[in-house]
Amino acid sequence: MAFYELRRYTIRPGKMKEWVAFMEGTIIPFQVSKGMVITGSYRGEEDDSIYFWTRRFENEQSRKTLYAAVYESDFWKNEVAPKVADLIDRDLIQVTRVVPTPHSVAQ
């Protein structure tokens, strides 16, 4: 059964503009190139410290395969991960797995 990850990040003060540019210019394109399905990217309307994004996976095996392709790559380890730590508080990352309800357009 397909499921989504709803990922919530706390952005470091004054770093939202830089974070969104990094997500949209580097992280999302890289993950998509590895097969990830990114279904949304959102920032807080009034709270400049909140960022959410969603990814869709066909099943658990697909998630494991895609995680390995992204997070075990040299590009991620050497180029992306060091910059991520400067922009978000990794200790506050929240990941919630969700499934669409029967009549959801996300089915």
# chains A, B, ... in the order shown; residues from 1 in each chain; ligands from 1
call {"tool": "residues_around", "arguments": {"residues": "segment 81-90 of chain A", "least_positions_apart": "4", "cutoff": "8 Å", "atoms": "only C-alpha atoms", "output": "PyMOL selection string"}}
result
chain A and resi 9-12+15-16+18-19+76-77
call {"tool": "write_last_selection", "arguments": {"atoms": "C-alpha atoms", "output": "short mmCIF file (atom, residue, chain, number, x, y, z; two decimals), in the first residue's frame"}}
result
data_model
loop_
_atom_site.label_atom_id
_atom_site.label_comp_id
_atom_site.auth_asym_id
_atom_site.auth_seq_id
_atom_site.Cartn_x
_atom_site.Cartn_y
_atom_site.Cartn_z
CA TYR A 9 11.63 20.80 9.89
CA THR A 10 12.53 23.71 12.14
CA ILE A 11 14.52 26.23 10.14
CA ARG A 12 17.27 28.17 11.86
CA LYS A 15 17.58 30.94 7.08
CA MET A 16 14.16 30.25 5.49
CA GLU A 18 18.22 30.10 1.86
CA TRP A 19 16.59 26.80 2.93
CA TRP A 76 24.41 13.57 -0.30
CA LYS A 77 27.15 12.84 2.22
#
call {"tool": "residues_around", "arguments": {"residues": "Tyr67 of chain A", "least_positions_apart": "4", "cutoff": "10 Å", "atoms": "only C-alpha atoms", "output": "mmCIF file with C-alpha atoms, in the first residue's frame"}}
result
data_model
loop_
_atom_site.group_PDB
_atom_site.id
_atom_site.type_symbol
_atom_site.label_atom_id
_atom_site.label_comp_id
_atom_site.auth_asym_id
_atom_site.auth_seq_id
_atom_site.Cartn_x
_atom_site.Cartn_y
_atom_site.Cartn_z
ATOM 1 C CA GLN A 31 15.987 13.214 -4.862
ATOM 2 C CA LYS A 34 17.014 9.125 -7.790
ATOM 3 C CA GLY A 35 13.326 8.211 -8.131
ATOM 4 C CA MET A 36 11.743 9.945 -5.125
ATOM 5 C CA GLN A 61 10.748 -1.846 0.101
ATOM 6 C CA SER A 62 10.560 1.079 -2.306
ATOM 7 C CA ARG A 63 11.210 3.495 0.568
ATOM 8 C CA TYR A 71 21.300 9.062 1.674
ATOM 9 C CA GLU A 72 24.161 6.663 0.915
ATOM 10 C CA SER A 73 25.315 8.620 -2.131
#
call {"tool": "select_by_dssp", "arguments": {"residues": "chain A", "states": "helix (DSSP H, G or I)", "output": "PyMOL selection string"}}
result
chain A and resi 16-33+60-71+74-87+90-92
call {"tool": "closest_residue", "arguments": {"among": "A:Glu46, A:Tyr51, A:Ile38, A:Arg56", "to": "Glu5 of chain A", "atoms": "only C-alpha atoms"}}
result
A:Arg56
call {"tool": "residues_around", "arguments": {"residues": "Arg43 of chain A", "least_positions_apart": "5", "cutoff": "9 Å", "atoms": "only C-alpha atoms", "output": "PyMOL selection string"}}
result
chain A and resi 16+20+48-53
call {"tool": "closest_residue", "arguments": {"among": "A:Thr65, A:Thr39, A:Thr96, A:Ser33", "to": "Arg8 of chain A", "atoms": "only C-alpha atoms"}}
result
A:Thr96
call {"tool": "residues_around", "arguments": {"residues": "Val80 of chain A", "least_positions_apart": "5", "cutoff": "9 Å", "atoms": "only C-alpha atoms", "output": "PDB file with C-alpha atoms, in the first residue's frame"}}
result
ATOM      1  CA  THR A  26      19.349  21.099  -4.998  1.00  0.00           C
ATOM      2  CA  ILE A  27      17.627  18.654  -2.651  1.00  0.00           C
ATOM      3  CA  PHE A  75      26.748  13.655  -3.286  1.00  0.00           C
ATOM      4  CA  ALA A  85      22.970  21.094   9.289  1.00  0.00           C
TER       5      ALA A  85
END
call {"tool": "closest_residue", "arguments": {"among": "A:Glu60, A:Gly14, A:Phe30, A:Glu24", "to": "Glu79 of chain A", "atoms": "only C-alpha atoms"}}
result
A:Phe30
call {"tool": "atom_distance", "arguments": {"atom1": "atom CA of Tyr4 of chain A", "atom2": "atom CA of Ser104 of chain A"}}
result
12.7 Å
